[in-house]
$ cat protein.cif   # mmCIF, C-alpha atoms
data_data
#
loop_
_atom_site.label_atom_id
_atom_site.label_comp_id
_atom_site.auth_asym_id
_atom_site.auth_seq_id
_atom_site.Cartn_x
_atom_site.Cartn_y
_atom_site.Cartn_z
CA MET F 1 -12.68 -6.02 1.97
CA HIS F 2 -10.37 -8.74 0.65
CA GLU F 3 -7.60 -8.53 -1.92
CA PHE F 4 -6.88 -11.41 -4.31
CA ALA F 5 -3.51 -11.08 -6.02
CA LEU F 6 -0.77 -12.67 -8.10
CA TYR F 7 2.77 -11.34 -8.54
CA GLY F 8 5.46 -11.65 -11.17
CA GLN F 9 9.01 -10.40 -11.75
CA VAL F 10 9.73 -8.58 -15.02
CA PRO F 11 13.43 -8.23 -16.00
CA ARG F 12 14.65 -4.85 -17.17
CA GLU F 13 15.14 -5.98 -20.77
CA LEU F 14 11.51 -7.18 -20.99
CA HIS F 15 9.92 -4.12 -19.41
CA HIS F 16 8.91 -2.38 -22.64
CA ARG F 17 7.64 -5.58 -24.25
CA THR F 18 5.55 -6.36 -21.16
CA LEU F 19 3.99 -2.90 -21.32
CA GLN F 20 2.98 -3.57 -24.92
CA GLN F 21 1.51 -6.95 -23.99
CA LEU F 22 -0.46 -5.45 -21.11
CA ALA F 23 -1.78 -2.73 -23.42
CA GLY F 24 -2.87 -5.32 -25.96
CA TYR F 25 -4.47 -7.59 -23.36
CA THR F 26 -6.45 -4.82 -21.66
CA ARG F 27 -7.04 -2.83 -24.88
CA MET F 28 -5.97 0.42 -23.26
CA GLN F 29 -2.98 2.70 -22.98
CA PRO F 30 -0.96 2.61 -19.74
CA VAL F 31 -1.91 5.04 -16.99
CA ASP F 32 1.03 6.59 -15.16
CA ALA F 33 0.78 5.84 -11.45
CA SER F 34 3.05 6.94 -8.61
CA GLU F 35 2.52 6.49 -4.88
CA ILE F 36 4.38 7.69 -1.79
CA HIS F 37 4.29 5.13 1.02
CA LEU F 38 4.92 6.13 4.63
CA VAL F 39 5.37 3.14 6.94
CA PHE F 40 4.18 3.23 10.57
CA LYS F 41 4.43 0.60 13.25
CA ALA F 42 2.15 0.09 16.20
CA ARG F 43 3.47 0.65 19.71
CA GLN F 44 3.01 -2.04 22.30
CA PRO F 45 0.04 -1.11 24.52
CA PRO F 46 1.10 0.29 27.91
CA GLY F 47 0.40 -1.72 30.99
CA LEU F 48 1.25 -5.18 29.69
CA ASP F 49 4.16 -5.61 32.10
CA LYS F 50 1.91 -4.68 35.03
CA LEU F 51 -0.44 -7.59 34.47
CA PRO F 52 0.42 -10.72 36.44
CA SER F 53 1.76 -13.76 34.60
CA ALA F 54 0.40 -17.25 35.11
CA GLY F 55 2.52 -19.99 36.57
CA GLY F 56 4.78 -20.26 39.58
CA ASN F 57 3.31 -19.09 42.86
CA GLN F 58 0.68 -17.00 41.11
CA GLY F 59 -1.30 -19.98 39.89
CA VAL F 60 -3.95 -19.64 37.20
CA LEU F 61 -4.98 -16.15 36.10
CA GLN F 62 -8.49 -14.99 36.82
CA PRO F 63 -10.69 -14.96 33.67
CA GLU F 64 -10.94 -11.15 33.57
CA VAL F 65 -7.15 -10.72 33.88
CA GLN F 66 -6.58 -13.41 31.28
CA ARG F 67 -8.95 -11.65 28.88
CA TRP F 68 -7.12 -8.35 29.23
CA ARG F 69 -3.76 -10.03 28.82
CA ASN F 70 -4.90 -11.75 25.62
CA MET F 71 -6.12 -8.44 24.24
CA LEU F 72 -2.82 -6.69 24.97
CA ASN F 73 -0.87 -9.62 23.54
CA ALA F 74 -2.76 -9.51 20.25
CA SER F 75 -0.65 -9.16 17.12
CA LEU F 76 0.55 -5.68 16.22
CA TYR F 77 0.79 -4.60 12.60
CA TYR F 78 2.45 -2.11 10.32
CA VAL F 79 0.14 0.33 8.54
CA GLN F 80 0.89 2.76 5.75
CA LEU F 81 -0.10 6.22 4.66
CA VAL F 82 -0.32 5.97 0.88
CA GLY F 83 -0.19 9.20 -1.11
CA GLU F 84 -1.45 8.87 -4.67
CA ILE F 85 0.26 11.54 -6.78
CA MET F 86 -2.27 13.12 -9.10
CA PRO F 87 -1.19 14.90 -12.32
CA ALA F 88 -0.24 18.49 -11.68
CA LYS F 89 -2.85 20.97 -12.88
CA SER F 90 -1.56 23.83 -14.96
CA SER F 91 -2.11 27.25 -13.46
CA TYR F 92 -3.74 28.24 -16.75
CA ASP F 93 -6.72 26.17 -15.61
CA LYS F 94 -6.97 28.22 -12.43
CA LYS F 95 -8.31 31.67 -13.23
CA ALA F 96 -9.84 34.39 -11.15
CA SER F 97 -11.58 37.65 -12.06
CA THR F 98 -10.16 40.88 -10.73
CA GLN F 99 -12.29 43.80 -9.63
CA ASN F 100 -12.09 45.44 -13.07
CA GLY F 101 -13.21 42.27 -14.82
CA GLU F 102 -9.80 41.21 -16.11
CA VAL F 103 -8.70 37.59 -15.82
CA SER F 104 -5.60 36.84 -13.76
CA MET F 105 -3.79 33.64 -12.82
CA THR F 106 -4.26 32.51 -9.23
CA ASN F 107 -1.08 30.46 -9.12
CA GLY F 108 1.54 32.87 -10.32
CA GLY F 109 0.76 32.65 -14.02
CA SER F 110 3.22 29.86 -14.78
CA GLY F 111 2.37 26.20 -15.33
CA GLY F 112 5.73 25.22 -13.87
CA ASP F 113 4.68 26.59 -10.48
CA ALA F 114 1.86 24.11 -10.11
CA LYS F 115 2.33 21.48 -7.44
CA PRO F 116 1.03 17.94 -7.77
CA ASP F 117 -2.03 17.06 -5.75
CA ILE F 118 -1.58 14.12 -3.38
CA HIS F 119 -4.53 12.08 -2.11
CA TRP F 120 -3.68 10.32 1.15
CA THR F 121 -5.17 7.03 2.30
CA LEU F 122 -4.62 5.04 5.49
CA GLU F 123 -4.00 1.47 4.37
CA PHE F 124 -3.99 -1.73 6.40
CA ARG F 125 -3.05 -5.07 4.83
CA ASP F 126 -3.33 -8.25 6.82
CA THR F 127 -1.00 -11.22 6.39
CA PRO F 128 -2.17 -13.47 3.51
CA ASP F 129 -4.26 -16.48 4.40
CA PRO F 130 -2.21 -19.54 5.42
CA GLY F 131 -2.01 -22.81 3.54
CA LYS F 132 -1.43 -23.58 -0.10
CA GLN F 133 -3.45 -21.06 -2.09
CA ALA F 134 -3.95 -20.63 -5.83
CA VAL F 135 -3.79 -16.84 -5.32
CA SER F 136 -2.78 -14.64 -2.39
CA THR F 137 -5.82 -13.66 -0.33
CA ARG F 138 -5.81 -11.20 2.54
CA LEU F 139 -7.95 -8.70 4.38
CA ILE F 140 -7.31 -5.07 3.48
CA SER F 141 -8.71 -1.72 4.52
CA ARG F 142 -8.34 1.68 2.85
CA THR F 143 -9.58 4.84 4.56
CA PRO F 144 -9.33 8.16 2.67
CA LEU F 145 -8.00 10.96 4.89
CA ASP F 146 -8.65 14.67 4.54
CA ASP F 147 -6.23 17.50 5.16
CA GLY F 148 -4.56 17.76 8.54
CA ASN F 149 -1.55 16.56 10.46
CA LEU F 150 -1.90 12.88 9.64
CA VAL F 151 1.36 11.92 11.34
CA THR F 152 0.12 13.38 14.64
CA PHE F 153 -3.22 11.68 14.06
CA LEU F 154 -1.51 8.29 13.80
CA ASP F 155 0.71 9.04 16.78
CA HIS F 156 -2.37 9.58 18.92
CA PHE F 157 -3.64 6.20 17.77
CA GLY F 158 -0.42 4.50 18.87
CA TYR F 159 1.55 4.39 15.61
CA GLU F 160 5.04 5.80 15.05
CA TYR F 161 6.77 6.68 11.78
CA VAL F 162 9.40 4.24 10.48
CA SER F 163 10.41 5.05 6.89
CA ARG F 164 9.12 5.88 3.43
CA TYR F 165 9.47 4.70 -0.15
CA MET F 166 7.84 5.24 -3.53
CA LEU F 167 6.14 3.12 -6.18
CA THR F 168 6.13 4.33 -9.77
CA GLY F 169 4.99 2.66 -12.94
CA SER F 170 1.93 2.03 -15.10
CA LYS F 171 -1.54 0.72 -14.34
CA PHE F 172 -3.94 -1.16 -16.58
CA TYR F 173 -7.52 -2.25 -15.92
CA ASP F 174 -9.40 -5.29 -17.17
CA ILE F 175 -13.00 -5.27 -15.90
CA ASP F 176 -12.40 -5.39 -12.10
CA THR F 177 -8.74 -6.48 -12.28
CA THR F 178 -5.94 -3.98 -11.69
CA LEU F 179 -2.56 -4.69 -13.30
CA TYR F 180 0.24 -2.55 -11.86
CA LEU F 181 3.70 -2.81 -13.42
CA HIS F 182 5.93 -0.80 -11.12
CA LYS F 183 9.31 -0.28 -9.53
CA VAL F 184 10.17 0.51 -5.90
CA LEU F 185 12.23 3.67 -5.42
CA VAL F 186 14.24 4.54 -2.33
CA LEU F 187 13.32 7.94 -0.94
CA PRO F 188 15.66 10.15 1.09
CA GLN F 189 14.86 9.51 4.73
CA THR F 190 13.81 12.43 6.83
CA SER F 191 12.38 13.27 10.21
CA VAL F 192 8.85 12.44 11.18
CA GLU F 193 7.93 16.14 11.07
CA SER F 194 8.81 16.45 7.37
CA ALA F 195 7.95 12.93 6.17
CA MET F 196 4.83 14.19 4.39
CA THR F 197 5.88 17.74 3.55
CA ASP F 198 9.35 17.12 2.10
CA LEU F 199 8.49 16.40 -1.53
CA SER F 200 11.56 17.89 -3.18
CA PHE F 201 12.34 14.52 -4.77
CA LEU F 202 9.29 14.84 -7.05
CA SER F 203 11.22 17.20 -9.31
CA ASN F 204 13.80 14.51 -10.18
CA ILE F 205 12.11 11.13 -9.76
CA SER F 206 14.30 9.63 -12.49
CA GLU F 207 17.36 10.18 -10.27
CA LEU F 208 15.98 8.27 -7.29
CA PRO F 209 17.76 4.94 -6.64
CA GLU F 210 15.80 1.76 -7.34
CA LEU F 211 15.43 -0.84 -4.63
CA ASP F 212 16.08 -3.55 -7.24
CA GLY F 213 19.57 -2.85 -8.52
CA SER F 214 18.98 -4.98 -11.62
CA GLY F 215 16.36 -2.56 -12.90
CA GLY F 216 13.60 -5.15 -12.83
CA ALA F 217 9.96 -4.39 -12.15
CA LEU F 218 7.10 -6.08 -10.32
CA LEU F 219 3.77 -6.90 -11.94
CA GLN F 220 0.94 -7.08 -9.42
CA THR F 221 -2.46 -8.26 -10.62
CA SER F 222 -5.19 -7.83 -8.03
CA ILE F 223 -8.93 -7.84 -7.49
CA ASP F 224 -10.64 -6.20 -4.51
CA VAL F 225 -13.70 -8.06 -3.24
CA VAL F 226 -16.08 -6.51 -0.73
CA ASP F 227 -16.83 -9.86 0.91
CA GLY F 228 -13.93 -12.23 0.37
CA ASN F 229 -15.61 -14.88 2.52
CA ASN F 230 -18.43 -15.21 0.00
CA PRO F 231 -17.64 -18.50 -1.82
CA GLU F 232 -19.13 -17.31 -5.11
CA LEU F 233 -17.20 -14.03 -5.16
CA LYS F 234 -14.03 -15.74 -4.00
CA ASP F 235 -14.28 -18.36 -6.73
CA LYS F 236 -14.97 -15.73 -9.38
CA ALA F 237 -11.94 -13.61 -8.40
CA THR F 238 -9.70 -16.66 -8.27
CA ARG F 239 -10.83 -17.83 -11.72
CA GLN F 240 -10.24 -14.40 -13.22
CA LEU F 241 -6.69 -14.22 -11.88
CA LEU F 242 -5.88 -17.78 -12.95
CA ALA F 243 -7.16 -16.99 -16.44
CA LEU F 244 -4.89 -13.97 -16.50
CA LYS F 245 -2.00 -16.12 -15.31
CA GLU F 246 -2.61 -18.55 -18.15
CA GLY F 247 -2.79 -15.75 -20.70
CA PHE F 248 0.56 -14.31 -19.59
CA LYS F 249 2.43 -17.54 -18.91
CA GLN F 250 4.74 -17.02 -21.90
CA ALA F 251 5.64 -13.51 -20.74
CA VAL F 252 5.44 -13.33 -16.93
CA ASP F 253 5.26 -16.11 -14.36
CA LEU F 254 2.45 -14.97 -12.07
CA THR F 255 2.40 -16.71 -8.69
CA PRO F 256 0.97 -16.11 -5.19
CA GLY F 257 3.15 -13.86 -3.06
CA ASP F 258 5.47 -15.32 -0.47
CA ARG F 259 3.48 -15.20 2.77
CA LEU F 260 6.52 -14.40 4.91
CA ALA F 261 7.51 -11.53 2.61
CA LEU F 262 3.97 -10.12 2.79
CA ASP F 263 3.67 -10.52 6.57
CA THR F 264 2.67 -7.16 8.05
CA ARG F 265 2.94 -8.16 11.72
CA LEU F 266 5.51 -6.68 14.05
CA ILE F 267 8.04 -8.83 15.81
CA VAL F 268 7.59 -7.78 19.42
CA ASN F 269 9.55 -9.14 22.37
CA ARG F 270 7.01 -9.80 25.08
CA ARG F 271 7.44 -10.84 28.69
CA ASN F 272 6.12 -14.36 29.30
#

$ encode --input "protein.cif" --output "structure tokens"
Amino acid sequence: MHEFALYGQVPRELHHRTLQQLAGYTRMQPVDASEIHLVFKARQPPGLDKLPSAGGNQGVLQPEVQRWRNMLNASLYYVQLVGEIMPAKSSYDKKASTQNGEVSMTNGGSGGDAKPDIHWTLEFRDTPDPGKQAVSTRLISRTPLDDGNLVTFLDHFGYEYVSRYMLTGSKFYDIDTTLYLHKVLVLPQTSVESAMTDLSFLSNISELPELDGSGGALLQTSIDVVDGNNPELKDKATRQLLALKEGFKQAVDLTPGDRLALDTRLIVNRRN
């Protein structure tokens, strides 16, 4: 799957007006959206240093050795566990019948005791395509994950926990285009063991520090295309985003993302 996207900065003083404009453009009310992002980086495959290097007295590598060396030298990437925070369900919606037929609450009988449901997804985003592009285009992959120790799962696949942050804001939808006006919040860092379970900050999200000290927000407009290499689908997505850019040019300057800023590859020191 490929993502086509444009990005724009919204100053703090224009945040409310931009929300109104997005609501008018999409003809819908904003949908509250918050996501917890856990960042993981890939570990360098073991055994790379044991493979012989070409040059010097060793001469040219044999084809089989060269193939393995190229595989181990392939680019490594960051991936993320993204937890979409769903609205908390009131315990009054969760009822159970007792043996004598009476109705009792299964969650303590108080709506305040309900915990938000979090849907986790393993997300990979490639570096945007090179060259001058009208919109940012890159390969993405989202894999829903069920319950379990997801951190251990990623560790077994060669990924280690780095840090976490949070996105919070409002989403709008226009046909197949998603418009996400959001801010990046800094989460309290914790150990890898409690990165997913420590959710105490959800009770006071408004007190979390913002990454952008000016209070500005980011507007991301994006379209997900199953086959981004299909010229017809690619052209359609690009035209839709450019039309959106034209419609919002007086309010938000939507541009392709900086490729270096969106680079998801690790910088790894390798032995030549």

$ atom_distance --input "protein.cif" --atom1 "atom CA of Trp120 of chain F" --atom2 "atom CA of Ile85 of chain F"
8.9 Å

$ residues_around --input "protein.cif" --residues "Asp146 of chain F" --least-positions-apart "6" --cutoff "12 Å" --atoms "only C-alpha atoms" --output "PyMOL selection string"
chain F and resi 83+118-122+153

$ resolve_selection --input "protein.cif" --expression "the PyMOL selection byres ((chain F and resi 167) around 7)" --output "short mmCIF file (atom, residue, chain, number, x, y, z; two decimals) with C-alpha atoms, keeping the file's coordinate frame"
data_model
loop_
_atom_site.label_atom_id
_atom_site.label_comp_id
_atom_site.auth_asym_id
_atom_site.auth_seq_id
_atom_site.Cartn_x
_atom_site.Cartn_y
_atom_site.Cartn_z
CA SER F 34 3.05 6.94 -8.61
CA GLU F 35 2.52 6.49 -4.88
CA ILE F 36 4.38 7.69 -1.79
CA MET F 166 7.84 5.24 -3.53
CA THR F 168 6.13 4.33 -9.77
CA GLY F 169 4.99 2.66 -12.94
CA HIS F 182 5.93 -0.80 -11.12
CA LYS F 183 9.31 -0.28 -9.53
CA VAL F 184 10.17 0.51 -5.90
CA LEU F 185 12.23 3.67 -5.42
#

$ resolve_selection --input "protein.cif" --expression "the PyMOL selection byres ((chain F and resi 238-248) around 10)" --output "PyMOL selection string"
chain F and resi 4-8+18+21-22+25+133-137+174-177+221-223+232-237+249-255

$ atom_distance --input "protein.cif" --atom1 "atom CA of Leu260 of chain F" --atom2 "atom CA of Asp129 of chain F"
11.0 Å

$ residues_near_point --input "protein.cif" --point "(-1.0, 1.6, -17.8)" --cutoff "12 Å" --atoms "only C-alpha atoms" --output "ChimeraX atom specification"
/F:16,18-34,168-174,178-182,219

$ atom_distance --input "protein.cif" --atom1 "atom CA of Arg164 of chain F" --atom2 "atom CA of Val151 of chain F"
12.6 Å

$ closest_residue --input "protein.cif" --among "F:Ala261, F:Val225, F:Leu208, F:Val39" --to "Met1 of chain F" --atoms "only C-alpha atoms"
F:Val225

$ closest_residue --input "protein.cif" --among "F:Val226, F:Leu150, F:Val79, F:Val186" --to "Asp126 of chain F" --atoms "only C-alpha atoms"
F:Val79

$ closest_residue --input "protein.cif" --among "F:Glu13, F:Asp212, F:Asp198, F:Glu84" --to "Pro144 of chain F" --atoms "all atoms listed in the file"
F:Glu84

$ closest_residue --input "protein.cif" --among "F:Thr152, F:Arg138, F:Arg17, F:Gly216" --to "Ser194 of chain F" --atoms "only C-alpha atoms"
F:Thr152

$ axis_aligned_box --input "protein.cif" --around "segment 28-43 of chain F" --padding-each-side "4 Å" --output "AutoDock Vina command-line options"
--center_x -0.3 --center_y 3.9 --center_z -1.8 --size_x 19.3 --size_y 15.6 --size_z 51.0

$ closest_residue --input "protein.cif" --among "F:Thr197, F:Thr143, F:Ser163, F:Ser75" --to "His37 of chain F" --atoms "only C-alpha atoms"
F:Ser163

$ resolve_selection --input "protein.cif" --expression "the PyMOL selection byres ((chain F and resi 76) around 7)" --output "PDB file with C-alpha atoms, in the coordinates of the input"
ATOM      1  CA  ALA F  42       2.150   0.090  16.200  1.00  0.00           C
ATOM      2  CA  ALA F  74      -2.760  -9.510  20.250  1.00  0.00           C
ATOM      3  CA  SER F  75      -0.650  -9.160  17.120  1.00  0.00           C
ATOM      4  CA  TYR F  77       0.790  -4.600  12.600  1.00  0.00           C
ATOM      5  CA  ARG F 265       2.940  -8.160  11.720  1.00  0.00           C
ATOM      6  CA  LEU F 266       5.510  -6.680  14.050  1.00  0.00           C
TER       7      LEU F 266
END
